Structure formats: structure tokens, C-alpha cells
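Next up, final_0.csv (CSV, C-alpha atoms and all ligand atoms):
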chain,number,residue,atom,x,y,z
Y,592,MET,CA,-22.2,53.9,-30.9
Y,593,ASN,CA,-22.7,57.3,-29.4
Y,594,ALA,CA,-25.9,58.4,-27.7
Y,595,LEU,CA,-27.0,60.6,-30.7
Y,596,GLN,CA,-26.7,57.7,-33.1
Y,597,PHE,CA,-28.7,55.5,-30.7
Y,598,ILE,CA,-31.5,58.1,-30.4
Y,599,LYS,CA,-31.6,58.3,-34.2
Y,600,ILE,CA,-32.0,54.5,-34.3
Y,601,LEU,CA,-34.8,54.6,-31.8
Y,602,THR,CA,-36.6,57.4,-33.7
Y,603,THR,CA,-36.6,55.3,-36.9
Y,604,PHE,CA,-39.2,53.1,-35.2
Y,605,GLU,CA,-41.6,55.9,-35.9
Y,606,SER,CA,-40.7,57.0,-39.4
Y,607,PRO,CA,-40.7,54.1,-41.8
Y,608,LEU,CA,-40.4,56.2,-45.0
Y,609,PRO,CA,-38.0,55.8,-47.9
Y,610,SER,CA,-35.6,58.7,-48.1
Y,611,SER,CA,-36.1,59.3,-51.8
Y,612,PRO,CA,-38.7,58.4,-54.4
Y,613,ARG,CA,-36.2,56.1,-56.2
Y,614,GLU,CA,-35.6,54.0,-53.1
Y,615,LEU,CA,-37.3,51.1,-51.6
Y,616,LEU,CA,-37.9,50.3,-47.9
Y,617,ILE,CA,-36.6,47.2,-46.3
Y,618,ARG,CA,-37.8,45.9,-42.9
Y,619,VAL,CA,-34.5,44.8,-41.4
Y,620,SER,CA,-34.5,41.3,-39.9
Y,621,SER,CA,-30.9,41.1,-38.6
Y,622,ALA,CA,-27.6,43.0,-39.0
Y,623,GLY,CA,-24.0,42.0,-38.1
Y,624,ILE,CA,-21.6,44.4,-36.3
Y,625,CYS,CA,-18.3,44.5,-38.2
Y,626,ASN,CA,-15.0,46.2,-37.2
Y,627,THR,CA,-15.8,49.1,-39.5
Y,628,ASP,CA,-18.9,49.8,-37.4
Y,629,ILE,CA,-16.8,49.9,-34.3
Y,630,GLU,CA,-14.2,52.1,-35.9
Y,631,ILE,CA,-17.1,54.5,-37.1
Y,632,THR,CA,-18.1,55.0,-33.4
Y,633,ARG,CA,-14.4,56.0,-32.8
Y,634,GLY,CA,-14.4,58.5,-35.7
Y,635,TYR,CA,-13.0,56.5,-38.6
Y,636,VAL,CA,-15.3,58.3,-41.0
Y,637,PRO,CA,-15.1,62.0,-40.1
Y,638,GLY,CA,-18.4,63.7,-40.3
Y,639,PHE,CA,-20.5,60.6,-40.2
Y,640,SER,CA,-23.1,60.7,-37.4
Y,641,GLY,CA,-25.8,58.5,-39.0
Y,642,ILE,CA,-26.9,55.0,-38.2
Y,643,PRO,CA,-24.1,52.4,-38.8
Y,644,GLY,CA,-24.7,48.9,-40.1
Y,645,HIS,CA,-24.1,47.5,-43.6
Y,646,GLU,CA,-24.2,43.7,-43.2
Y,647,PHE,CA,-27.8,42.8,-43.1
Y,648,PHE,CA,-30.8,41.1,-44.6
Y,649,GLY,CA,-34.5,41.9,-44.4
Y,650,TYR,CA,-37.8,41.8,-46.3
Y,651,VAL,CA,-39.0,44.4,-48.8
Y,652,GLU,CA,-41.7,46.5,-47.3
Y,653,SER,CA,-42.5,49.1,-50.0
Y,654,VAL,CA,-41.3,49.9,-53.5
Y,655,PRO,CA,-41.2,53.2,-55.4
Y,656,TYR,CA,-43.0,52.2,-58.6
Y,657,PRO,CA,-45.5,49.4,-59.5
Y,658,VAL,CA,-42.9,47.9,-61.8
Y,659,HIS,CA,-41.0,46.8,-58.6
Y,660,ASN,CA,-44.1,45.2,-56.9
Y,661,ARG,CA,-42.6,41.7,-57.5
Y,662,LEU,CA,-40.0,42.6,-54.8
Y,663,ILE,CA,-42.5,43.2,-52.0
Y,664,GLY,CA,-42.1,40.6,-49.3
Y,665,LYS,CA,-38.9,39.2,-50.8
Y,666,ARG,CA,-35.8,38.5,-48.6
Y,667,VAL,CA,-33.1,40.8,-49.7
Y,668,THR,CA,-29.9,42.6,-48.8
Y,669,ALA,CA,-28.2,45.6,-50.6
Y,670,GLU,CA,-24.9,46.4,-52.2
Y,671,ILE,CA,-23.4,49.0,-49.9
Y,672,ASN,CA,-21.9,51.5,-52.4
Y,673,CYS,CA,-24.7,53.7,-53.7
Y,674,ALA,CA,-23.4,55.3,-57.0
Y,675,CYS,CA,-24.4,58.5,-58.9
Y,676,GLY,CA,-24.4,56.7,-62.3
Y,677,ASN,CA,-22.9,59.8,-64.0
Y,678,CYS,CA,-19.3,60.3,-62.9
Y,679,SER,CA,-16.2,59.1,-64.8
Y,680,PHE,CA,-15.9,56.0,-62.5
Y,681,CYS,CA,-19.5,55.1,-62.9
Y,682,ASN,CA,-19.2,55.5,-66.7
Y,683,GLN,CA,-16.3,53.0,-66.6
Y,684,GLY,CA,-18.4,50.4,-64.7
Y,685,LEU,CA,-16.5,51.2,-61.5
Y,686,SER,CA,-19.5,52.3,-59.5
Y,687,ARG,CA,-18.0,51.0,-56.3
Y,688,HIS,CA,-15.5,53.8,-56.7
Y,689,CYS,CA,-18.1,56.5,-57.7
Y,690,ARG,CA,-16.8,60.0,-56.9
Y,691,ASN,CA,-20.2,60.9,-55.4
Y,692,ARG,CA,-21.1,57.7,-53.7
Y,693,THR,CA,-22.8,57.2,-50.4
Y,694,VAL,CA,-22.1,54.0,-48.6
Y,695,ILE,CA,-24.8,52.3,-46.5
Y,696,GLY,CA,-24.1,52.9,-42.8
Y,697,ILE,CA,-20.6,54.4,-43.6
Y,698,VAL,CA,-20.7,57.5,-45.7
Y,699,ASN,CA,-23.7,60.0,-45.8
Y,700,ARG,CA,-26.3,57.3,-45.6
Y,701,ASP,CA,-28.1,55.6,-42.7
Y,702,GLY,CA,-27.4,51.9,-42.2
Y,703,ALA,CA,-29.1,48.8,-41.0
Y,704,PHE,CA,-29.2,49.0,-37.2
Y,705,ALA,CA,-32.7,50.1,-37.4
Y,706,GLU,CA,-36.2,48.7,-38.0
Y,707,TYR,CA,-36.2,49.9,-41.5
Y,708,ILE,CA,-33.6,50.9,-44.1
Y,709,SER,CA,-34.1,52.8,-47.3
Y,710,VAL,CA,-31.9,51.8,-50.2
Y,711,PRO,CA,-31.7,52.6,-54.0
Y,712,VAL,CA,-33.6,50.1,-56.0
Y,713,GLU,CA,-30.6,49.2,-58.1
Y,714,ASN,CA,-28.7,48.2,-54.9
Y,715,VAL,CA,-31.2,45.5,-53.8
Y,716,VAL,CA,-30.0,41.9,-54.1
Y,717,LEU,CA,-32.4,39.0,-53.8
Y,718,ILE,CA,-31.3,36.2,-51.5
Y,719,PRO,CA,-32.0,32.7,-52.9
Y,720,ASP,CA,-34.0,30.4,-50.7
Y,721,THR,CA,-31.1,27.9,-50.5
Y,722,ILE,CA,-29.1,30.4,-48.4
Y,723,SER,CA,-29.9,30.4,-44.7
Y,724,ASP,CA,-30.6,33.5,-42.7
Y,725,ASN,CA,-27.3,33.2,-40.8
Y,726,ASN,CA,-25.3,32.8,-44.0
Y,727,SER,CA,-27.2,35.8,-45.5
Y,728,LEU,CA,-25.6,38.0,-42.8
Y,729,PHE,CA,-22.2,37.3,-44.3
Y,730,ILE,CA,-22.9,38.2,-47.9
Y,731,GLU,CA,-21.3,41.6,-47.7
Y,732,PRO,CA,-18.0,40.5,-45.9
Y,733,LEU,CA,-17.9,37.4,-48.1
Y,734,ALA,CA,-18.0,39.7,-51.2
Y,735,ALA,CA,-15.1,41.6,-49.7
Y,736,ALA,CA,-13.2,38.4,-49.1
Y,737,LEU,CA,-13.9,37.2,-52.7
Y,738,GLU,CA,-12.7,40.6,-54.1
Y,739,ILE,CA,-9.2,39.3,-53.5
Y,740,GLN,CA,-9.8,36.6,-56.2
Y,741,GLU,CA,-11.0,39.3,-58.6
Y,742,GLN,CA,-7.7,41.1,-58.2
Y,743,VAL,CA,-5.2,38.3,-57.9
Y,744,LYS,CA,-5.2,34.9,-59.7
Y,745,ILE,CA,-4.8,32.3,-57.0
Y,746,LEU,CA,-3.7,28.9,-58.3
Y,747,PRO,CA,-3.3,25.5,-56.5
Y,748,GLU,CA,0.5,25.7,-56.6
Y,749,HIS,CA,0.5,29.1,-54.8
Y,750,GLU,CA,1.8,29.3,-51.2
Y,751,VAL,CA,-0.6,31.7,-49.5
Y,752,LEU,CA,-0.3,33.2,-46.0
Y,753,ILE,CA,-3.3,34.9,-44.3
Y,754,LEU,CA,-2.3,37.2,-41.4
Y,755,GLY,CA,-5.1,37.5,-38.8
Y,756,ASP,CA,-7.7,35.2,-37.2
Y,757,GLY,CA,-10.8,37.4,-37.0
Y,758,LYS,CA,-14.0,37.2,-38.9
Y,759,LEU,CA,-12.6,38.6,-42.1
Y,760,ALA,CA,-9.5,36.3,-42.0
Y,761,HIS,CA,-11.9,33.3,-41.6
Y,762,LEU,CA,-14.0,34.4,-44.6
Y,763,VAL,CA,-10.9,34.9,-46.7
Y,764,ALA,CA,-9.6,31.4,-45.8
Y,765,LEU,CA,-13.0,29.8,-46.5
Y,766,THR,CA,-13.3,31.5,-49.9
Y,767,LEU,CA,-9.7,30.6,-50.8
Y,768,LYS,CA,-10.1,26.9,-49.8
Y,769,PRO,CA,-11.9,25.9,-53.1
Y,770,THR,CA,-8.9,27.2,-55.1
Y,771,GLY,CA,-6.8,24.4,-53.7
Y,772,CYS,CA,-3.9,26.8,-52.9
Y,773,ARG,CA,-1.4,25.8,-50.2
Y,774,MET,CA,-2.7,28.1,-47.4
Y,775,LYS,CA,-1.7,28.9,-43.9
Y,776,VAL,CA,-3.5,31.2,-41.5
Y,777,SER,CA,-1.5,32.9,-38.8
Y,778,GLY,CA,-3.3,34.4,-35.8
Y,779,ARG,CA,-2.9,35.0,-32.1
Y,780,HIS,CA,-5.7,32.9,-30.5
Y,781,GLU,CA,-5.7,29.2,-30.2
Y,782,TRP,CA,-9.6,28.9,-30.1
Y,783,LYS,CA,-9.9,30.8,-33.3
Y,784,ALA,CA,-7.2,28.7,-34.9
Y,785,GLN,CA,-9.1,25.6,-33.8
Y,786,LEU,CA,-12.3,26.8,-35.5
Y,787,LEU,CA,-10.3,27.0,-38.8
Y,788,ARG,CA,-8.7,23.6,-38.3
Y,789,ASP,CA,-12.1,22.1,-37.7
Y,790,ARG,CA,-12.9,23.3,-41.3
Y,791,GLY,CA,-9.8,21.7,-42.8
Y,792,ILE,CA,-7.6,24.9,-42.8
Y,793,ASP,CA,-4.0,24.9,-41.6
Y,794,ALA,CA,-4.0,27.5,-38.8
Y,795,LEU,CA,-1.0,28.5,-36.7
Y,796,VAL,CA,-0.8,30.5,-33.5
Y,797,ASN,CA,2.9,31.0,-33.1
Y,798,ARG,CA,4.1,33.2,-35.9
Y,799,GLN,CA,7.7,32.6,-35.2
Y,800,ASP,CA,7.3,29.3,-37.0
Y,801,ILE,CA,6.8,30.9,-40.3
Y,802,PRO,CA,9.8,31.4,-42.6
Y,803,ASP,CA,10.5,34.6,-44.4
Y,804,ARG,CA,10.3,35.1,-48.2
Y,805,VAL,CA,8.5,31.9,-49.1
Y,806,PHE,CA,4.9,33.0,-49.9
Y,807,ASP,CA,3.7,33.9,-53.3
Y,808,ILE,CA,0.7,35.8,-51.8
Y,809,VAL,CA,0.3,37.2,-48.3
Y,810,ILE,CA,-3.1,38.6,-47.3
Y,811,GLU,CA,-3.0,41.0,-44.3
Y,812,ALA,CA,-6.4,40.8,-42.7
Y,813,SER,CA,-5.6,41.5,-39.0
Y,814,GLY,CA,-5.9,45.2,-38.9
Y,815,SER,CA,-2.5,45.5,-37.2
Y,816,PRO,CA,0.3,47.8,-38.6
Y,817,ALA,CA,2.8,45.2,-37.2
Y,818,ALA,CA,1.2,42.6,-39.4
Y,819,PHE,CA,1.8,44.8,-42.5
Y,820,GLN,CA,5.5,44.7,-41.7
Y,821,GLU,CA,5.3,41.0,-41.1
Y,822,GLY,CA,3.6,40.5,-44.4
Y,823,LEU,CA,6.4,42.4,-46.2
Y,824,ALA,CA,8.9,40.0,-44.6
Y,825,LYS,CA,7.0,36.8,-45.4
Y,826,VAL,CA,6.2,37.5,-49.1
Y,827,LYS,CA,8.8,36.2,-51.5
Y,828,PRO,CA,10.5,38.3,-54.2
Y,829,ARG,CA,8.1,39.2,-57.0
Y,830,GLY,CA,5.2,38.1,-54.7
Y,831,THR,CA,2.0,40.0,-53.8
Y,832,LEU,CA,0.9,41.5,-50.5
Y,833,VAL,CA,-2.8,42.1,-50.4
Y,834,LEU,CA,-4.0,44.6,-47.8
Y,835,LYS,CA,-7.5,43.8,-46.6
Y,836,SER,CA,-7.4,45.9,-43.4
Y,837,THR,CA,-8.5,49.6,-43.2
Y,838,TYR,CA,-6.0,50.9,-40.7
Y,839,VAL,CA,-7.3,53.5,-38.5
Y,840,GLN,CA,-4.0,55.0,-37.6
Y,841,SER,CA,-1.3,55.9,-40.1
Y,842,PHE,CA,2.2,54.4,-39.6
Y,843,SER,CA,5.5,54.6,-41.3
Y,844,PHE,CA,7.5,51.9,-43.1
Y,845,ASN,CA,10.6,51.7,-45.2
Y,846,PRO,CA,9.5,50.9,-48.8
Y,847,ALA,CA,13.0,49.7,-49.7
Y,848,SER,CA,12.0,46.0,-49.3
Y,849,VAL,CA,9.0,46.6,-51.7
Y,850,VAL,CA,11.4,48.0,-54.3
Y,851,VAL,CA,14.3,45.6,-53.8
Y,852,ASN,CA,12.1,42.5,-53.8
Y,853,GLU,CA,9.7,43.9,-56.4
Y,854,ILE,CA,6.7,43.2,-54.3
Y,855,THR,CA,3.2,44.1,-55.6
Y,856,LEU,CA,1.0,45.8,-53.0
Y,857,ILE,CA,-2.7,45.5,-53.6
Y,858,GLY,CA,-5.4,47.3,-51.7
Y,859,SER,CA,-8.6,45.4,-51.5
Y,860,ARG,CA,-12.0,46.6,-50.2
Y,861,CYS,CA,-15.6,45.7,-51.2
Y,862,GLY,CA,-16.6,43.0,-53.7
Y,863,ARG,CA,-19.6,42.0,-55.8
Y,864,PHE,CA,-22.5,40.5,-53.9
Y,865,ALA,CA,-23.2,38.1,-56.9
Y,866,ALA,CA,-19.9,36.4,-56.2
Y,867,ALA,CA,-20.7,35.9,-52.6
Y,868,ILE,CA,-24.1,34.5,-53.3
Y,869,ALA,CA,-22.6,32.1,-55.9
Y,870,PHE,CA,-20.1,31.0,-53.3
Y,871,LEU,CA,-22.8,30.4,-50.7
Y,872,GLU,CA,-24.9,28.4,-53.1
Y,873,LYS,CA,-22.0,26.3,-54.4
Y,874,GLU,CA,-20.0,25.6,-51.3
Y,875,ARG,CA,-22.9,25.6,-48.8
Y,876,PRO,CA,-20.7,26.5,-45.7
Y,877,ASP,CA,-22.4,26.9,-42.4
Y,878,LEU,CA,-21.1,30.3,-41.2
Y,879,SER,CA,-23.2,30.1,-38.0
Y,880,TYR,CA,-20.0,29.2,-36.1
Y,881,LEU,CA,-18.9,32.8,-36.6
Y,882,ILE,CA,-21.8,34.2,-34.7
Y,883,SER,CA,-20.9,34.6,-31.0
Y,884,LYS,CA,-23.8,36.6,-29.6
Y,885,ARG,CA,-27.2,38.1,-30.6
Y,886,PHE,CA,-29.0,41.1,-29.1
Y,887,PRO,CA,-32.3,42.8,-29.8
Y,888,LEU,CA,-32.2,46.2,-31.4
Y,889,VAL,CA,-33.1,48.0,-28.2
Y,890,GLU,CA,-29.9,46.6,-26.6
Y,891,GLY,CA,-27.8,48.0,-29.5
Y,892,ILE,CA,-25.3,49.7,-27.1
Y,893,ALA,CA,-24.8,46.5,-25.2
Y,894,ALA,CA,-24.3,44.7,-28.5
Y,895,PHE,CA,-21.5,47.2,-29.5
Y,896,ALA,CA,-19.9,46.7,-26.1
Y,897,ALA,CA,-20.0,42.9,-26.6
Y,898,ALA,CA,-18.5,43.2,-30.1
Y,899,GLN,CA,-15.4,44.8,-28.7
Y,900,GLN,CA,-14.6,42.0,-26.3
Y,901,PRO,CA,-11.6,39.8,-27.3
Y,902,ASP,CA,-13.5,36.5,-27.0
Y,903,VAL,CA,-16.2,37.1,-29.6
Y,904,MET,CA,-16.4,36.8,-33.4
Y,905,LYS,CA,-19.6,38.2,-35.0
Y,906,VAL,CA,-22.2,39.9,-32.9
Y,907,VAL,CA,-25.6,40.2,-34.5
Y,908,ILE,CA,-28.4,42.7,-33.8
Y,909,ASP,CA,-31.9,41.3,-34.4
Y,910,CYS,CA,-34.0,44.2,-35.5
Y,911,ARG,CA,-37.5,42.8,-35.5
R,1,ZN,ZN,-18.4,45.2,-42.7
R,2,ZN,ZN,-20.6,58.1,-59.9
Would you put the structure from the file into C-alpha cells?
Amino acid sequence: MNALQFIKILTTFESPLPSSPRELLIRVSSAGICNTDIEITRGYVPGFSGIPGHEFFGYVESVPYPVHNRLIGKRVTAEINCACGNCSFCNQGLSRHCRNRTVIGIVNRDGAFAEYISVPVENVVLIPDTISDNNSLFIEPLAAALEIQEQVKILPEHEVLILGDGKLAHLVALTLKPTGCRMKVSGRHEWKAQLLRDRGIDALVNRQDIPDRVFDIVIEASGSPAAFQEGLAKVKPRGTLVLKSTYVQSFSFNPASVVVNEITLIGSRCGRFAAAIAFLEKERPDLSYLISKRFPLVEGIAAFAAAQQPDVMKVVIDCR
């Protein structure tokens, strides 16, 4: 987070107003720092100098029209892609790919590391009472993890390899577990692997153990270009390599193995919040284990510094 962004955060204490008449105002309770937020502070989204933060929950403070009064005081979060409703993608029901979209805390729209956030009414998602506050913080990244299952049919007989042991890799593994697939997670940290094993997931630290060309599906969730190459080596002919990482740096690779082995490459980004809420209600995981540290909003810069340390998973900013 740069100083300008932080000043903007502090000034939002004084201006709790929705940014357009079609939007409602949420008083933010807590928001999680994700790798995208950290990349934003390094310039991942050129031109974005607003408030980051897109994994959050809070309580509805004010609504644009009396018809929305029933939402006041409700615990909510918001879908992050704010669509125009008019373009060719919106007309095909692909509003997450809207040509004119803003994205909460990422593209042309202030995010949730603030006391208040203004969001379009249609983006608001009610959080059922059965879902804890801590689990609510993971609705957005869980939706992204579950998007894989919207794109690829994963069956119990499938051999699946997840590359990475960070927060996203954990959420991908937890969401794949109910499919009954034969899954391995390959990371670099023993303590993160142990957290997965404690949840009944086969987690490895030494990647040299893993044979080449045996996996039906490989999911690259580590953010490392080297893991992309590794994924290409591990997936079997006619298999699928799912790319879950948004690489900051470009890199080169020889596509011959994609062609020769007829590999399907799938890019996978955001998912539907409804799927994440259904998962949390059905599986009732306790995702608190992923939260390493919490900071108050006024210590936002310290929170960002902590989130970049190697020994933490999720860092949460408490905004009220
Ligand atoms: Zn995120
Ligand atoms: Zn659109």
C-alpha cells in the first residue's frame, strides 16, 4: 500500500456516502488481504490508485431506494465484478467478463480496506446466519476456487495435483475434497503441508517424489512461473492444466509439449458467490486456521507488511 492509498483510506472515515444513487453503503467489519492486493501495491493493475480490498463482509448502512430497506442492518458481502448490463458479454450472461466492468478494489473502484464501501445493489450478497464471520471472509476466494469445478468436471477416479501451498491452494484442495478425487497437494513448506494433512488431504513437500505424466488434472495455484512448467510436465497426455495464478511477470515456454501431448490449458479466475455460500453451508469447514494475524484499520500499512512475510497465511484488517 502506498502513502496516497493510505491517506485515501483514512479520509473515508469522514465521507460515508455512496458513490452513485444506485449503490448501497456497507459498513465494513473485516477484510482479508490477498496476494492480488499485494500485487496491486506493486503496480499489477496499471493506473489503479484507489483503495484495495475485495474479500470482506460488513453490515448494510444505507440503501438507495425504500424497496431495499429490508437490507438495512443485514450482514453482507459483494460480488467483485461490477457490470454495465449492456455490453455483448453482459447480454450473454457473462457479466464477470463485462467489457466496461469495474472490479471492487482492483479496477476503477474503491475496495474494502475502509470504514465504508459503496457497491451496486445487484452485487450485494446476503450471508446466511449459519456462516461464521471468519468463514465469511473467504467467500470471494472460495468462489474463485470453486470456479474450477464450473470449468472442469472432476470425478472420483481423477488423479489431481495441486501445485502450491498458499491460501488459494488450500481453498482449492478443500473445495475438491468432496468430489472424492485422488488429490495430492505439492508445496514448499512443511507447516503448510501439515495444516492440509490435519484436514485429511495428502500434502507433499518434496516435489521430486511426484512422477511425470500421471495426472488427469493439474491445478497451478502457486503463482510461480516454474510451477507452470512443472504442471506441464506432470499432466498426462490429453489431461488438463488449470491456471489459477495471475502471474505478474511474463515468461516464455515452449508450447510443443502442449501440442504433442494434447494438453488442455484452462485459465480460471473469479467464481459465483452462491457456489461458495452453498459450499460453506453444506461442508461447514472452519477456515479460521487460515487466518494468521489481525490488525485494526489504522495499522493497515503494518498489516500489508505482515501479509508479505513468508510465515503467514491470511492477514485480516478489522475495519470497525
Ligand atoms: Zn483475492
Ligand atoms: Zn457489460
*Return as a PyMOL selection string the residues of protein, DNA or RNA that approach ligand ZN 1 (chain R) to within 10 Å, with only C-alpha atoms and all ligand atoms taken into account.*
chain Y and resi 623-629+643-647+671+696-697+729-733+735+758-759+860-861
*Which residue gives the smallest distance to Lys783 (chain Y) among Y:Leu795, Y:Ala894, Y:Ala705, Y:Leu746, with all atoms listed in the file counted?*
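Of Y:Leu795, Y:Ala894, Y:Ala705, Y:Leu746, the one nearest Lys783 (chain Y) is Y:Leu795, counting all atoms listed in the file.
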Please tabulate, as a tab-separated table, the residues of chain Y that come within 10 Å of ligand ZN 2 (chain R), each with its closest pair of atoms and the distance in Å to one decimal, counting all atoms listed in the file and ordering rows by chain, then residue number upward.
residue	atom	partner	partner_atom	distance
Y:Cys673	CA	R:ZN2	ZN	8.6
Y:Ala674	CA	R:ZN2	ZN	4.9
Y:Cys675	CA	R:ZN2	ZN	3.9
Y:Gly676	CA	R:ZN2	ZN	4.7
Y:Asn677	CA	R:ZN2	ZN	5.0
Y:Cys678	CA	R:ZN2	ZN	3.9
Y:Ser679	CA	R:ZN2	ZN	6.7
Y:Phe680	CA	R:ZN2	ZN	5.8
Y:Cys681	CA	R:ZN2	ZN	4.4
Y:Asn682	CA	R:ZN2	ZN	7.4
Y:Gln683	CA	R:ZN2	ZN	9.5
Y:Gly684	CA	R:ZN2	ZN	9.3
Y:Leu685	CA	R:ZN2	ZN	8.2
Y:Ser686	CA	R:ZN2	ZN	5.9
Y:Arg687	CA	R:ZN2	ZN	8.4
Y:His688	CA	R:ZN2	ZN	7.4
Y:Cys689	CA	R:ZN2	ZN	3.7
Y:Arg690	CA	R:ZN2	ZN	5.2
Y:Asn691	CA	R:ZN2	ZN	5.3
Y:Arg692	CA	R:ZN2	ZN	6.2
Y:Thr693	CA	R:ZN2	ZN	9.8
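Our summary of the geometry notes that CA of Pro901 (chain Y) is positioned 23.6 Å from CA of Phe842 (chain Y).
Take the candidates Y:Leu752, Y:Leu834, Y:Leu767, Y:Val906 and check each one against Phe806 (chain Y) using all atoms listed in the file; the shortest distance goes to Y:Leu752.
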_region 711-726 of chain Y environment, 6 Å, all atoms listed in the file, sequence neighbours closer than 3 positions dropped, as a list in words_ = Glu614, Leu615, Arg666, Val667, Thr668, Ala669, Glu670, Phe729, Leu878 and Ser879 of chain Y
*Taking into account all atoms listed in the file, which residue in the set Y:Gly755, Y:Gly858, Y:Pro846, Y:Pro887 is nearest to Ala824 (chain Y)?*
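Comparing Y:Gly755, Y:Gly858, Y:Pro846, Y:Pro887 against Ala824 (chain Y), the winner is Y:Pro846.
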Could you pull region 852-875 of chain Y out of the structure just shown and give N, CA and C atoms as a PDB file, in the first residue's frame?
ATOM      1  N   ASN Y 852       1.311 -33.490 -26.506  1.00  0.00           N
ATOM      2  CA  ASN Y 852       0.527 -34.266 -25.529  1.00  0.00           C
ATOM      3  C   ASN Y 852      -0.948 -33.864 -25.493  1.00  0.00           C
ATOM      4  N   GLU Y 853      -1.346 -32.970 -26.385  1.00  0.00           N
ATOM      5  CA  GLU Y 853      -2.742 -32.529 -26.491  1.00  0.00           C
ATOM      6  C   GLU Y 853      -3.317 -32.123 -25.140  1.00  0.00           C
ATOM      7  N   ILE Y 854      -2.583 -31.227 -24.486  1.00  0.00           N
ATOM      8  CA  ILE Y 854      -2.977 -30.732 -23.155  1.00  0.00           C
ATOM      9  C   ILE Y 854      -4.007 -29.619 -23.329  1.00  0.00           C
ATOM     10  N   THR Y 855      -5.017 -29.629 -22.486  1.00  0.00           N
ATOM     11  CA  THR Y 855      -5.968 -28.516 -22.440  1.00  0.00           C
ATOM     12  C   THR Y 855      -5.513 -27.537 -21.358  1.00  0.00           C
ATOM     13  N   LEU Y 856      -5.288 -26.287 -21.747  1.00  0.00           N
ATOM     14  CA  LEU Y 856      -4.930 -25.243 -20.782  1.00  0.00           C
ATOM     15  C   LEU Y 856      -6.189 -24.441 -20.472  1.00  0.00           C
ATOM     16  N   ILE Y 857      -6.485 -24.270 -19.192  1.00  0.00           N
ATOM     17  CA  ILE Y 857      -7.672 -23.518 -18.802  1.00  0.00           C
ATOM     18  C   ILE Y 857      -7.285 -22.405 -17.841  1.00  0.00           C
ATOM     19  N   GLY Y 858      -7.638 -21.190 -18.206  1.00  0.00           N
ATOM     20  CA  GLY Y 858      -7.465 -20.050 -17.297  1.00  0.00           C
ATOM     21  C   GLY Y 858      -8.692 -19.936 -16.419  1.00  0.00           C
ATOM     22  N   SER Y 859      -8.481 -19.675 -15.137  1.00  0.00           N
ATOM     23  CA  SER Y 859      -9.601 -19.700 -14.185  1.00  0.00           C
ATOM     24  C   SER Y 859      -9.451 -18.550 -13.200  1.00  0.00           C
ATOM     25  N   ARG Y 860     -10.491 -17.724 -13.110  1.00  0.00           N
ATOM     26  CA  ARG Y 860     -10.354 -16.521 -12.257  1.00  0.00           C
ATOM     27  C   ARG Y 860     -11.434 -16.511 -11.171  1.00  0.00           C
ATOM     28  N   CYS Y 861     -12.418 -15.629 -11.303  1.00  0.00           N
ATOM     29  CA  CYS Y 861     -13.434 -15.469 -10.248  1.00  0.00           C
ATOM     30  C   CYS Y 861     -14.570 -16.456 -10.432  1.00  0.00           C
ATOM     31  N   GLY Y 862     -15.288 -16.700  -9.354  1.00  0.00           N
ATOM     32  CA  GLY Y 862     -16.450 -17.579  -9.436  1.00  0.00           C
ATOM     33  C   GLY Y 862     -17.684 -16.946  -8.823  1.00  0.00           C
ATOM     34  N   ARG Y 863     -18.767 -17.715  -8.832  1.00  0.00           N
ATOM     35  CA  ARG Y 863     -20.041 -17.219  -8.295  1.00  0.00           C
ATOM     36  C   ARG Y 863     -20.059 -17.351  -6.776  1.00  0.00           C
ATOM     37  N   PHE Y 864     -20.479 -16.289  -6.102  1.00  0.00           N
ATOM     38  CA  PHE Y 864     -20.540 -16.320  -4.637  1.00  0.00           C
ATOM     39  C   PHE Y 864     -21.563 -17.343  -4.144  1.00  0.00           C
ATOM     40  N   ALA Y 865     -22.639 -17.559  -4.932  1.00  0.00           N
ATOM     41  CA  ALA Y 865     -23.670 -18.509  -4.495  1.00  0.00           C
ATOM     42  C   ALA Y 865     -23.061 -19.896  -4.287  1.00  0.00           C
ATOM     43  N   ALA Y 866     -22.118 -20.273  -5.155  1.00  0.00           N
ATOM     44  CA  ALA Y 866     -21.479 -21.587  -5.023  1.00  0.00           C
ATOM     45  C   ALA Y 866     -20.659 -21.646  -3.735  1.00  0.00           C
ATOM     46  N   ALA Y 867     -19.981 -20.554  -3.401  1.00  0.00           N
ATOM     47  CA  ALA Y 867     -19.160 -20.523  -2.185  1.00  0.00           C
ATOM     48  C   ALA Y 867     -20.042 -20.607  -0.944  1.00  0.00           C
ATOM     49  N   ILE Y 868     -21.157 -19.892  -0.967  1.00  0.00           N
ATOM     50  CA  ILE Y 868     -22.058 -19.904   0.192  1.00  0.00           C
ATOM     51  C   ILE Y 868     -22.665 -21.296   0.358  1.00  0.00           C
ATOM     52  N   ALA Y 869     -23.038 -21.933  -0.761  1.00  0.00           N
ATOM     53  CA  ALA Y 869     -23.592 -23.296  -0.680  1.00  0.00           C
ATOM     54  C   ALA Y 869     -22.542 -24.248  -0.107  1.00  0.00           C
ATOM     55  N   PHE Y 870     -21.284 -24.094  -0.534  1.00  0.00           N
ATOM     56  CA  PHE Y 870     -20.199 -24.948  -0.023  1.00  0.00           C
ATOM     57  C   PHE Y 870     -20.039 -24.760   1.494  1.00  0.00           C
ATOM     58  N   LEU Y 871     -20.018 -23.493   1.940  1.00  0.00           N
ATOM     59  CA  LEU Y 871     -19.824 -23.222   3.374  1.00  0.00           C
ATOM     60  C   LEU Y 871     -20.988 -23.768   4.197  1.00  0.00           C
ATOM     61  N   GLU Y 872     -22.201 -23.676   3.645  1.00  0.00           N
ATOM     62  CA  GLU Y 872     -23.364 -24.166   4.396  1.00  0.00           C
ATOM     63  C   GLU Y 872     -23.385 -25.693   4.456  1.00  0.00           C
ATOM     64  N   LYS Y 873     -22.953 -26.338   3.373  1.00  0.00           N
ATOM     65  CA  LYS Y 873     -23.024 -27.797   3.324  1.00  0.00           C
ATOM     66  C   LYS Y 873     -21.855 -28.448   4.065  1.00  0.00           C
ATOM     67  N   GLU Y 874     -20.640 -27.980   3.779  1.00  0.00           N
ATOM     68  CA  GLU Y 874     -19.452 -28.654   4.316  1.00  0.00           C
ATOM     69  C   GLU Y 874     -19.063 -28.163   5.705  1.00  0.00           C
ATOM     70  N   ARG Y 875     -19.514 -26.963   6.079  1.00  0.00           N
ATOM     71  CA  ARG Y 875     -19.209 -26.383   7.403  1.00  0.00           C
ATOM     72  C   ARG Y 875     -17.729 -26.482   7.781  1.00  0.00           C
TER      73      ARG Y 875
END
